[in-house]
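Shown next: structure06.csv, given as CSV, N, CA, C and O atoms.
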```csv
chain,number,residue,atom,x,y,z
A,1,ILE,N,19.9,-12.8,-16.9
A,1,ILE,CA,20.8,-11.6,-17.1
A,1,ILE,C,19.8,-10.4,-17.2
A,1,ILE,O,18.7,-10.5,-17.5
A,2,GLY,N,20.3,-9.2,-17.0
A,2,GLY,CA,19.5,-8.0,-16.8
A,2,GLY,C,19.7,-7.5,-15.4
A,2,GLY,O,20.7,-7.9,-14.7
A,3,PHE,N,18.9,-6.7,-14.9
A,3,PHE,CA,19.0,-6.3,-13.6
A,3,PHE,C,17.6,-6.2,-12.9
A,3,PHE,O,16.6,-6.1,-13.5
A,4,VAL,N,17.6,-6.2,-11.6
A,4,VAL,CA,16.4,-6.3,-10.8
A,4,VAL,C,16.2,-5.0,-10.1
A,4,VAL,O,17.1,-4.3,-9.7
A,5,VAL,N,14.9,-4.5,-10.1
A,5,VAL,CA,14.5,-3.3,-9.5
A,5,VAL,C,13.4,-3.5,-8.5
A,5,VAL,O,12.5,-4.3,-8.8
A,6,ALA,N,13.4,-2.8,-7.4
A,6,ALA,CA,12.4,-2.9,-6.4
A,6,ALA,C,11.3,-1.9,-6.7
A,6,ALA,O,11.7,-0.7,-6.8
A,7,ILE,N,10.1,-2.2,-6.8
A,7,ILE,CA,9.0,-1.3,-6.9
A,7,ILE,C,8.0,-1.6,-5.8
A,7,ILE,O,7.6,-2.7,-5.6
A,8,LEU,N,7.6,-0.6,-5.0
A,8,LEU,CA,6.7,-0.8,-3.9
A,8,LEU,C,5.3,-0.6,-4.4
A,8,LEU,O,5.0,0.4,-5.2
A,9,LEU,N,4.4,-1.5,-4.0
A,9,LEU,CA,3.0,-1.3,-4.4
A,9,LEU,C,2.3,-0.7,-3.1
A,9,LEU,O,2.3,-1.3,-2.1
A,10,GLY,N,1.7,0.5,-3.3
A,10,GLY,CA,1.1,1.2,-2.2
A,10,GLY,C,0.0,2.1,-2.9
A,10,GLY,O,-0.8,1.5,-3.6
A,11,ALA,N,0.0,3.4,-2.8
A,11,ALA,CA,-1.0,4.2,-3.4
A,11,ALA,C,-0.4,5.4,-4.1
A,11,ALA,O,0.6,5.9,-3.7
A,12,TRP,N,-1.0,5.8,-5.2
A,12,TRP,CA,-0.6,7.0,-5.9
A,12,TRP,C,-1.9,7.8,-6.1
A,12,TRP,O,-3.0,7.3,-6.1
A,13,GLY,N,-1.8,9.1,-6.5
A,13,GLY,CA,-2.9,9.9,-6.8
A,13,GLY,C,-3.7,10.3,-5.5
A,13,GLY,O,-3.2,10.4,-4.5
A,14,CYS,N,-5.0,10.5,-5.7
A,14,CYS,CA,-5.9,10.9,-4.6
A,14,CYS,C,-6.3,9.7,-3.8
A,14,CYS,O,-6.3,8.6,-4.2
A,15,GLY,N,-6.8,10.1,-2.6
A,15,GLY,CA,-7.4,9.0,-1.8
A,15,GLY,C,-6.5,8.7,-0.6
A,15,GLY,O,-5.3,9.1,-0.6
A,16,PRO,N,-6.9,7.9,0.3
A,16,PRO,CA,-6.2,7.5,1.5
A,16,PRO,C,-5.0,6.6,1.1
A,16,PRO,O,-5.1,5.8,0.2
A,17,VAL,N,-3.9,6.7,1.9
A,17,VAL,CA,-2.8,5.8,1.7
A,17,VAL,C,-3.1,4.5,2.4
A,17,VAL,O,-3.5,4.5,3.5
A,18,PRO,N,-2.9,3.4,1.7
A,18,PRO,CA,-3.2,2.1,2.3
A,18,PRO,C,-2.3,1.8,3.5
A,18,PRO,O,-1.2,2.3,3.5
A,19,ARG,N,-2.7,0.9,4.4
A,19,ARG,CA,-1.9,0.6,5.5
A,19,ARG,C,-0.8,-0.4,5.2
A,19,ARG,O,0.2,-0.5,5.8
A,20,ALA,N,-1.0,-1.2,4.1
A,20,ALA,CA,-0.1,-2.3,3.8
A,20,ALA,C,0.4,-2.1,2.3
A,20,ALA,O,-0.4,-1.6,1.5
A,21,ALA,N,1.6,-2.4,2.0
A,21,ALA,CA,2.2,-2.3,0.7
A,21,ALA,C,3.0,-3.6,0.5
A,21,ALA,O,3.4,-4.2,1.4
A,22,VAL,N,3.1,-3.9,-0.8
A,22,VAL,CA,3.9,-5.1,-1.1
A,22,VAL,C,5.0,-4.7,-2.1
A,22,VAL,O,4.8,-3.8,-2.9
A,23,SER,N,6.1,-5.4,-2.1
A,23,SER,CA,7.2,-5.0,-3.0
A,23,SER,C,7.1,-5.9,-4.3
A,23,SER,O,6.7,-7.0,-4.2
A,24,LEU,N,7.3,-5.2,-5.4
A,24,LEU,CA,7.3,-5.8,-6.7
A,24,LEU,C,8.7,-5.6,-7.3
A,24,LEU,O,9.2,-4.5,-7.4
A,25,SER,N,9.3,-6.7,-7.7
A,25,SER,CA,10.6,-6.6,-8.3
A,25,SER,C,10.5,-6.9,-9.8
A,25,SER,O,9.7,-7.9,-10.2
A,26,MET,N,11.1,-6.1,-10.7
A,26,MET,CA,11.0,-6.4,-12.1
A,26,MET,C,12.5,-6.5,-12.6
A,26,MET,O,13.3,-5.7,-12.3
A,27,ALA,N,12.7,-7.6,-13.4
A,27,ALA,CA,14.0,-7.8,-14.0
A,27,ALA,C,13.7,-7.7,-15.5
A,27,ALA,O,12.6,-8.2,-16.0
A,28,TYR,N,14.5,-7.1,-16.3
A,28,TYR,CA,14.3,-7.1,-17.7
A,28,TYR,C,15.6,-7.4,-18.5
A,28,TYR,O,16.7,-7.1,-18.0
A,29,ALA,N,15.4,-8.1,-19.6
A,29,ALA,CA,16.5,-8.6,-20.4
A,29,ALA,C,17.2,-7.4,-21.1
A,29,ALA,O,16.6,-6.4,-21.3
A,30,PRO,N,18.5,-7.6,-21.4
A,30,PRO,CA,19.3,-6.5,-22.0
A,30,PRO,C,18.6,-6.0,-23.3
A,30,PRO,O,18.7,-4.9,-23.7
A,31,LYS,N,18.0,-6.9,-24.1
A,31,LYS,CA,17.4,-6.5,-25.3
A,31,LYS,C,16.1,-5.8,-25.2
A,31,LYS,O,15.5,-5.2,-26.1
A,32,THR,N,15.6,-5.7,-24.0
A,32,THR,CA,14.3,-4.9,-23.7
A,32,THR,C,14.8,-3.5,-23.4
A,32,THR,O,15.5,-3.2,-22.6
A,33,PRO,N,14.2,-2.5,-24.3
A,33,PRO,CA,14.6,-1.1,-24.1
A,33,PRO,C,14.2,-0.5,-22.8
A,33,PRO,O,13.1,-0.7,-22.4
A,34,ALA,N,15.1,0.2,-22.2
A,34,ALA,CA,14.9,0.9,-20.9
A,34,ALA,C,13.9,2.0,-21.1
A,34,ALA,O,13.2,2.4,-20.2
A,35,ASP,N,13.7,2.5,-22.4
A,35,ASP,CA,12.7,3.6,-22.6
A,35,ASP,C,11.3,3.0,-22.9
A,35,ASP,O,10.4,3.8,-23.3
A,36,ALA,N,11.1,1.7,-22.8
A,36,ALA,CA,9.7,1.2,-23.0
A,36,ALA,C,8.8,1.8,-21.9
A,36,ALA,O,9.2,2.1,-20.8
A,37,SER,N,7.5,2.0,-22.3
A,37,SER,CA,6.6,2.6,-21.4
A,37,SER,C,5.9,1.6,-20.4
A,37,SER,O,5.5,0.6,-20.8
A,38,VAL,N,5.9,2.0,-19.2
A,38,VAL,CA,5.2,1.2,-18.1
A,38,VAL,C,3.9,1.9,-17.8
A,38,VAL,O,3.9,3.1,-17.5
A,39,SER,N,2.9,1.1,-17.8
A,39,SER,CA,1.5,1.5,-17.3
A,39,SER,C,1.0,0.5,-16.3
A,39,SER,O,1.3,-0.7,-16.4
A,40,ILE,N,0.4,1.0,-15.3
A,40,ILE,CA,-0.2,0.2,-14.3
A,40,ILE,C,-1.7,0.6,-14.2
A,40,ILE,O,-2.0,1.8,-14.0
A,41,ASP,N,-2.6,-0.3,-14.3
A,41,ASP,CA,-4.0,-0.1,-14.4
A,41,ASP,C,-4.4,1.0,-15.4
A,41,ASP,O,-5.1,1.9,-15.1
A,42,GLU,N,-3.8,0.9,-16.6
A,42,GLU,CA,-4.0,1.8,-17.7
A,42,GLU,C,-3.5,3.2,-17.4
A,42,GLU,O,-3.9,4.2,-18.2
A,43,GLN,N,-2.8,3.5,-16.4
A,43,GLN,CA,-2.2,4.8,-16.1
A,43,GLN,C,-0.7,4.8,-16.4
A,43,GLN,O,0.0,3.9,-15.9
A,44,TYR,N,-0.3,5.7,-17.3
A,44,TYR,CA,1.2,5.8,-17.6
A,44,TYR,C,2.0,6.1,-16.4
A,44,TYR,O,1.6,7.1,-15.7
A,45,ILE,N,3.0,5.4,-16.1
A,45,ILE,CA,3.9,5.6,-15.0
A,45,ILE,C,5.2,6.2,-15.4
A,45,ILE,O,5.6,7.2,-14.8
A,46,GLY,N,5.8,5.8,-16.5
A,46,GLY,CA,7.0,6.3,-17.0
A,46,GLY,C,7.8,5.3,-17.7
A,46,GLY,O,7.4,4.1,-17.9
A,47,PRO,N,9.0,5.7,-18.2
A,47,PRO,CA,9.9,4.7,-18.9
A,47,PRO,C,10.3,3.6,-18.0
A,47,PRO,O,10.5,3.8,-16.8
A,48,LEU,N,10.5,2.4,-18.5
A,48,LEU,CA,10.9,1.2,-17.7
A,48,LEU,C,12.2,1.5,-16.9
A,48,LEU,O,12.2,1.2,-15.7
A,49,GLY,N,13.2,2.1,-17.4
A,49,GLY,CA,14.4,2.4,-16.7
A,49,GLY,C,14.2,3.3,-15.5
A,49,GLY,O,14.7,3.1,-14.4
A,50,TYR,N,13.3,4.4,-15.7
A,50,TYR,CA,13.0,5.3,-14.6
A,50,TYR,C,12.2,4.7,-13.5
A,50,TYR,O,12.5,4.8,-12.4
A,51,VAL,N,11.2,3.9,-14.0
A,51,VAL,CA,10.3,3.3,-13.0
A,51,VAL,C,11.1,2.3,-12.2
A,51,VAL,O,11.0,2.1,-11.0
A,52,SER,N,12.0,1.5,-12.9
A,52,SER,CA,12.9,0.6,-12.2
A,52,SER,C,13.7,1.2,-11.1
A,52,SER,O,14.0,0.7,-10.1
A,53,ALA,N,14.3,2.4,-11.5
A,53,ALA,CA,15.2,3.1,-10.5
A,53,ALA,C,14.5,3.7,-9.4
A,53,ALA,O,15.0,3.8,-8.3
A,54,HIS,N,13.2,4.2,-9.6
A,54,HIS,CA,12.6,5.1,-8.6
A,54,HIS,C,11.4,4.4,-7.9
A,54,HIS,O,11.0,4.8,-6.8
A,55,GLY,N,10.8,3.4,-8.5
A,55,GLY,CA,9.7,2.6,-7.8
A,55,GLY,C,8.4,3.3,-7.9
A,55,GLY,O,8.3,4.5,-8.4
A,56,VAL,N,7.4,2.6,-7.5
A,56,VAL,CA,6.0,3.1,-7.6
A,56,VAL,C,5.3,2.5,-6.3
A,56,VAL,O,5.7,1.6,-5.8
A,57,ARG,N,4.1,3.1,-6.0
A,57,ARG,CA,3.3,2.6,-4.9
A,57,ARG,C,1.9,2.5,-5.4
A,57,ARG,O,1.3,3.3,-6.0
A,58,LEU,N,1.3,1.3,-5.1
A,58,LEU,CA,-0.1,1.0,-5.4
A,58,LEU,C,-0.8,0.3,-4.2
A,58,LEU,O,-0.1,-0.3,-3.4
A,59,PRO,N,-2.1,0.4,-4.1
A,59,PRO,CA,-2.8,-0.3,-3.0
A,59,PRO,C,-2.9,-1.8,-3.2
A,59,PRO,O,-2.6,-2.3,-4.3
A,60,GLU,N,-3.1,-2.5,-2.2
A,60,GLU,CA,-3.3,-4.0,-2.3
A,60,GLU,C,-4.5,-4.3,-3.2
A,60,GLU,O,-5.4,-3.5,-3.4
A,61,GLY,N,-4.4,-5.4,-3.8
A,61,GLY,CA,-5.5,-5.8,-4.8
A,61,GLY,C,-4.9,-6.2,-6.1
A,61,GLY,O,-3.7,-6.3,-6.3
A,62,GLU,N,-5.8,-6.4,-7.1
A,62,GLU,CA,-5.3,-6.7,-8.5
A,62,GLU,C,-4.9,-5.5,-9.3
A,62,GLU,O,-5.6,-4.5,-9.2
A,63,HIS,N,-3.9,-5.6,-10.0
A,63,HIS,CA,-3.4,-4.5,-10.9
A,63,HIS,C,-2.8,-5.1,-12.2
A,63,HIS,O,-2.2,-6.2,-12.2
A,64,ARG,N,-3.1,-4.4,-13.3
A,64,ARG,CA,-2.5,-4.8,-14.6
A,64,ARG,C,-1.3,-4.0,-14.8
A,64,ARG,O,-1.3,-2.8,-14.8
A,65,VAL,N,-0.2,-4.7,-15.0
A,65,VAL,CA,1.1,-4.1,-15.3
A,65,VAL,C,1.4,-4.3,-16.8
A,65,VAL,O,1.4,-5.5,-17.3
A,66,SER,N,1.6,-3.2,-17.6
A,66,SER,CA,1.9,-3.3,-19.0
A,66,SER,C,3.2,-2.6,-19.3
A,66,SER,O,3.4,-1.5,-18.8
A,67,VAL,N,3.9,-3.2,-20.3
A,67,VAL,CA,5.2,-2.6,-20.8
A,67,VAL,C,5.1,-2.6,-22.3
A,67,VAL,O,4.8,-3.7,-22.9
A,68,THR,N,5.2,-1.4,-22.9
A,68,THR,CA,5.0,-1.3,-24.4
A,68,THR,C,6.1,-0.5,-25.0
A,68,THR,O,6.7,0.4,-24.3
A,69,LYS,N,6.4,-0.8,-26.2
A,69,LYS,CA,7.4,-0.1,-27.0
A,69,LYS,C,7.1,-0.3,-28.5
A,69,LYS,O,6.9,-1.5,-28.9
A,70,ALA,N,7.1,0.7,-29.3
A,70,ALA,CA,6.9,0.6,-30.8
A,70,ALA,C,7.9,-0.4,-31.3
A,70,ALA,O,9.1,-0.4,-31.0
A,71,GLY,N,7.5,-1.3,-32.2
A,71,GLY,CA,8.3,-2.3,-32.8
A,71,GLY,C,8.5,-3.6,-31.9
A,71,GLY,O,9.2,-4.5,-32.3
A,72,PHE,N,7.8,-3.7,-30.8
A,72,PHE,CA,7.9,-4.8,-29.9
A,72,PHE,C,6.4,-5.3,-29.6
A,72,PHE,O,5.5,-4.5,-29.5
A,73,PHE,N,6.3,-6.6,-29.4
A,73,PHE,CA,5.0,-7.1,-28.9
A,73,PHE,C,4.8,-6.5,-27.4
A,73,PHE,O,5.8,-6.5,-26.7
A,74,PRO,N,3.6,-6.2,-27.1
A,74,PRO,CA,3.4,-5.7,-25.7
A,74,PRO,C,3.5,-6.8,-24.7
A,74,PRO,O,3.3,-8.0,-25.0
A,75,TRP,N,3.9,-6.4,-23.5
A,75,TRP,CA,4.0,-7.3,-22.3
A,75,TRP,C,3.0,-6.9,-21.3
A,75,TRP,O,2.9,-5.7,-21.0
A,76,ASP,N,2.2,-7.8,-20.8
A,76,ASP,CA,1.1,-7.5,-19.9
A,76,ASP,C,0.9,-8.6,-18.9
A,76,ASP,O,0.9,-9.8,-19.3
A,77,ARG,N,0.7,-8.2,-17.6
A,77,ARG,CA,0.5,-9.2,-16.6
A,77,ARG,C,-0.5,-8.6,-15.6
A,77,ARG,O,-0.5,-7.5,-15.3
A,78,LEU,N,-1.4,-9.5,-15.1
A,78,LEU,CA,-2.3,-9.2,-14.0
A,78,LEU,C,-1.6,-9.7,-12.7
A,78,LEU,O,-1.2,-10.9,-12.6
A,79,VAL,N,-1.4,-8.8,-11.7
A,79,VAL,CA,-0.7,-9.2,-10.5
A,79,VAL,C,-1.7,-8.9,-9.3
A,79,VAL,O,-2.5,-8.0,-9.4
A,80,THR,N,-1.6,-9.6,-8.3
A,80,THR,CA,-2.3,-9.4,-7.1
A,80,THR,C,-1.4,-9.0,-5.9
A,80,THR,O,-0.5,-9.8,-5.6
A,81,ALA,N,-1.5,-7.8,-5.5
A,81,ALA,CA,-0.7,-7.3,-4.4
A,81,ALA,C,-1.3,-7.7,-3.1
A,81,ALA,O,-2.4,-7.4,-2.8
A,82,GLY,N,-0.5,-8.5,-2.3
A,82,GLY,CA,-1.0,-8.9,-1.0
A,82,GLY,C,0.1,-8.7,0.0
A,82,GLY,O,0.6,-7.6,0.1
A,83,ARG,N,0.5,-9.8,0.7
A,83,ARG,CA,1.5,-9.6,1.7
A,83,ARG,C,2.9,-10.1,1.2
A,83,ARG,O,3.9,-9.8,1.7
A,84,ASP,N,2.9,-11.0,0.1
A,84,ASP,CA,4.2,-11.6,-0.3
A,84,ASP,C,4.7,-10.7,-1.5
A,84,ASP,O,4.0,-10.2,-2.3
A,85,PRO,N,6.1,-10.7,-1.6
A,85,PRO,CA,6.7,-9.9,-2.7
A,85,PRO,C,6.3,-10.6,-4.0
A,85,PRO,O,6.1,-11.8,-4.1
A,86,ILE,N,6.3,-9.7,-5.1
A,86,ILE,CA,6.0,-10.2,-6.4
A,86,ILE,C,7.2,-9.9,-7.3
A,86,ILE,O,7.8,-8.9,-7.2
A,87,LYS,N,7.6,-10.9,-8.1
A,87,LYS,CA,8.8,-10.8,-8.9
A,87,LYS,C,8.3,-11.1,-10.4
A,87,LYS,O,7.7,-12.1,-10.7
A,88,LEU,N,8.6,-10.1,-11.3
A,88,LEU,CA,8.2,-10.2,-12.7
A,88,LEU,C,9.5,-10.1,-13.5
A,88,LEU,O,10.4,-9.3,-13.3
A,89,ASP,N,9.6,-10.9,-14.6
A,89,ASP,CA,10.6,-10.9,-15.6
A,89,ASP,C,10.0,-10.3,-16.8
A,89,ASP,O,9.1,-10.9,-17.4
A,90,VAL,N,10.5,-9.1,-17.3
A,90,VAL,CA,10.0,-8.5,-18.5
A,90,VAL,C,10.9,-8.7,-19.6
A,90,VAL,O,12.1,-8.3,-19.5
A,91,THR,N,10.4,-9.3,-20.7
A,91,THR,CA,11.2,-9.4,-21.9
A,91,THR,C,10.3,-9.0,-23.1
A,91,THR,O,9.2,-9.6,-23.3
A,92,LEU,N,10.6,-7.9,-23.8
A,92,LEU,CA,9.8,-7.5,-24.9
A,92,LEU,C,10.4,-8.2,-26.2
A,92,LEU,O,11.6,-8.1,-26.4
A,93,GLU,N,9.6,-8.8,-26.9
A,93,GLU,CA,10.0,-9.5,-28.1
A,93,GLU,C,9.8,-8.6,-29.3
A,93,GLU,O,8.7,-8.1,-29.5
A,94,PRO,N,10.8,-8.5,-30.2
A,94,PRO,CA,10.6,-7.6,-31.4
A,94,PRO,C,9.6,-8.2,-32.3
A,94,PRO,O,9.4,-9.4,-32.5
A,95,ILE,N,8.8,-7.3,-33.0
A,95,ILE,CA,7.8,-7.7,-34.0
A,95,ILE,C,8.6,-8.0,-35.3
A,95,ILE,O,9.4,-7.1,-35.7
A,96,PRO,N,8.5,-9.2,-35.9
A,96,PRO,CA,9.3,-9.4,-37.1
A,96,PRO,C,8.9,-8.5,-38.3
A,96,PRO,O,7.7,-8.1,-38.3
A,97,ASP,N,9.8,-8.2,-39.1
A,97,ASP,CA,9.5,-7.3,-40.3
A,97,ASP,C,8.7,-8.0,-41.3
A,97,ASP,O,8.6,-9.1,-41.5
```
Encoded form using structure tokens:
Amino acid sequence: IGFVVAILLGAWGCGPVPRAAVSLSMAYAPKTPADASVSIDEQYIGPLGYVSAHGVRLPEGEHRVSVTKAGFFPWDRLVTAGRDPIKLDVTLEPIPD
């Protein structure tokens, strides 16, 4: 349950645009806050809900995808962007009191 969002991995920032990009889909559970922060390669991208709706582009290769929110354990994955689509399920677990 939750919803799926397509994120394209290509390039952002300075430098040449890569020739190939791969699609990354993220699904997140209803208990995971949409305002959780998404970072890719230690660069803040935006809130999870915004990133999910608008997508991102990164070059091929390895990338660290992190989702954080105060009061929740961080979620972190290393992904390799190649030719095949990548699908990630994001669930932030609350930190017990």
### Message
I'd like the contact shell of Gly71 in chain A - 5 Å cut-off, only N, CA, C and O atoms, skipping same-chain residues fewer than 3 positions apart - returned as a PyMOL selection string.
### Response
chain A and resi 93-95
### Task
Would you mind telling me which residue in A:Asp76, A:Thr68, A:Thr32, A:Glu60 lies nearest to Gly46 in chain A when using only N, CA, C and O atoms?
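With only N, CA, C and O atoms as the atom set, the closest residue is A:Thr68.
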#### Entry: Pairwise distance for atom N of Lys69 in chain A and atom C of Ala36 in chain A, rounded to one decimal in Å
5.6 Å
### Task
Would you please work out which residue, of A:Gly49, A:Met26, A:His54, A:Ala34, is nearest to Arg77 in chain A when using only C-alpha atoms?
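Ranking A:Gly49, A:Met26, A:His54, A:Ala34 by distance to Arg77 in chain A, first place goes to A:Met26.
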### Query
Which distance in Å separates atom O of Tyr44 in chain A and atom C of Trp75 in chain A, to one decimal?
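Distance between the two atoms: 15.1 Å.
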#### Entry: Selection: 7 Å around His63 in chain A, only C-alpha atoms, excl. self and same-chain fewer than 3 positions, as a list in words
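My list of contacting residues is Ile40, Asp41, Leu78, Val79 and Thr80 of chain A.
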### Task
Tell me, in Å to one decimal, how far CA of Arg64 in chain A is from atom N of Asp97 in chain A.
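One can read the CA of Arg64 in chain A to atom N of Asp97 in chain A distance as 27.6 Å.
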## Note on the structure
Nearest to Phe73 in chain A, restricted to all atoms listed in the file and choosing among A:Pro85, A:Pro96, A:Gly61, A:Gly55, comes out as A:Pro96
### Query
If you run DSSP on this backbone, which residues of range 19-88 of chain A come out as alpha helix (DSSP H), and could you give them as JSON, numbers by chain?
{"A": [48, 49, 50, 51, 52, 53, 54]}
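In terms of minimum interatomic distance to Val65 in chain A, A:Ser39 ranks closest within A:Val90, A:Leu24, A:Ala29, A:Ser39, counting only N, CA, C and O atoms.
Distances to Ile45 in chain A were evaluated for A:Ser66, A:Tyr28, A:Pro74, A:Asp89 using only C-alpha atoms, and the minimum falls at A:Ser66.
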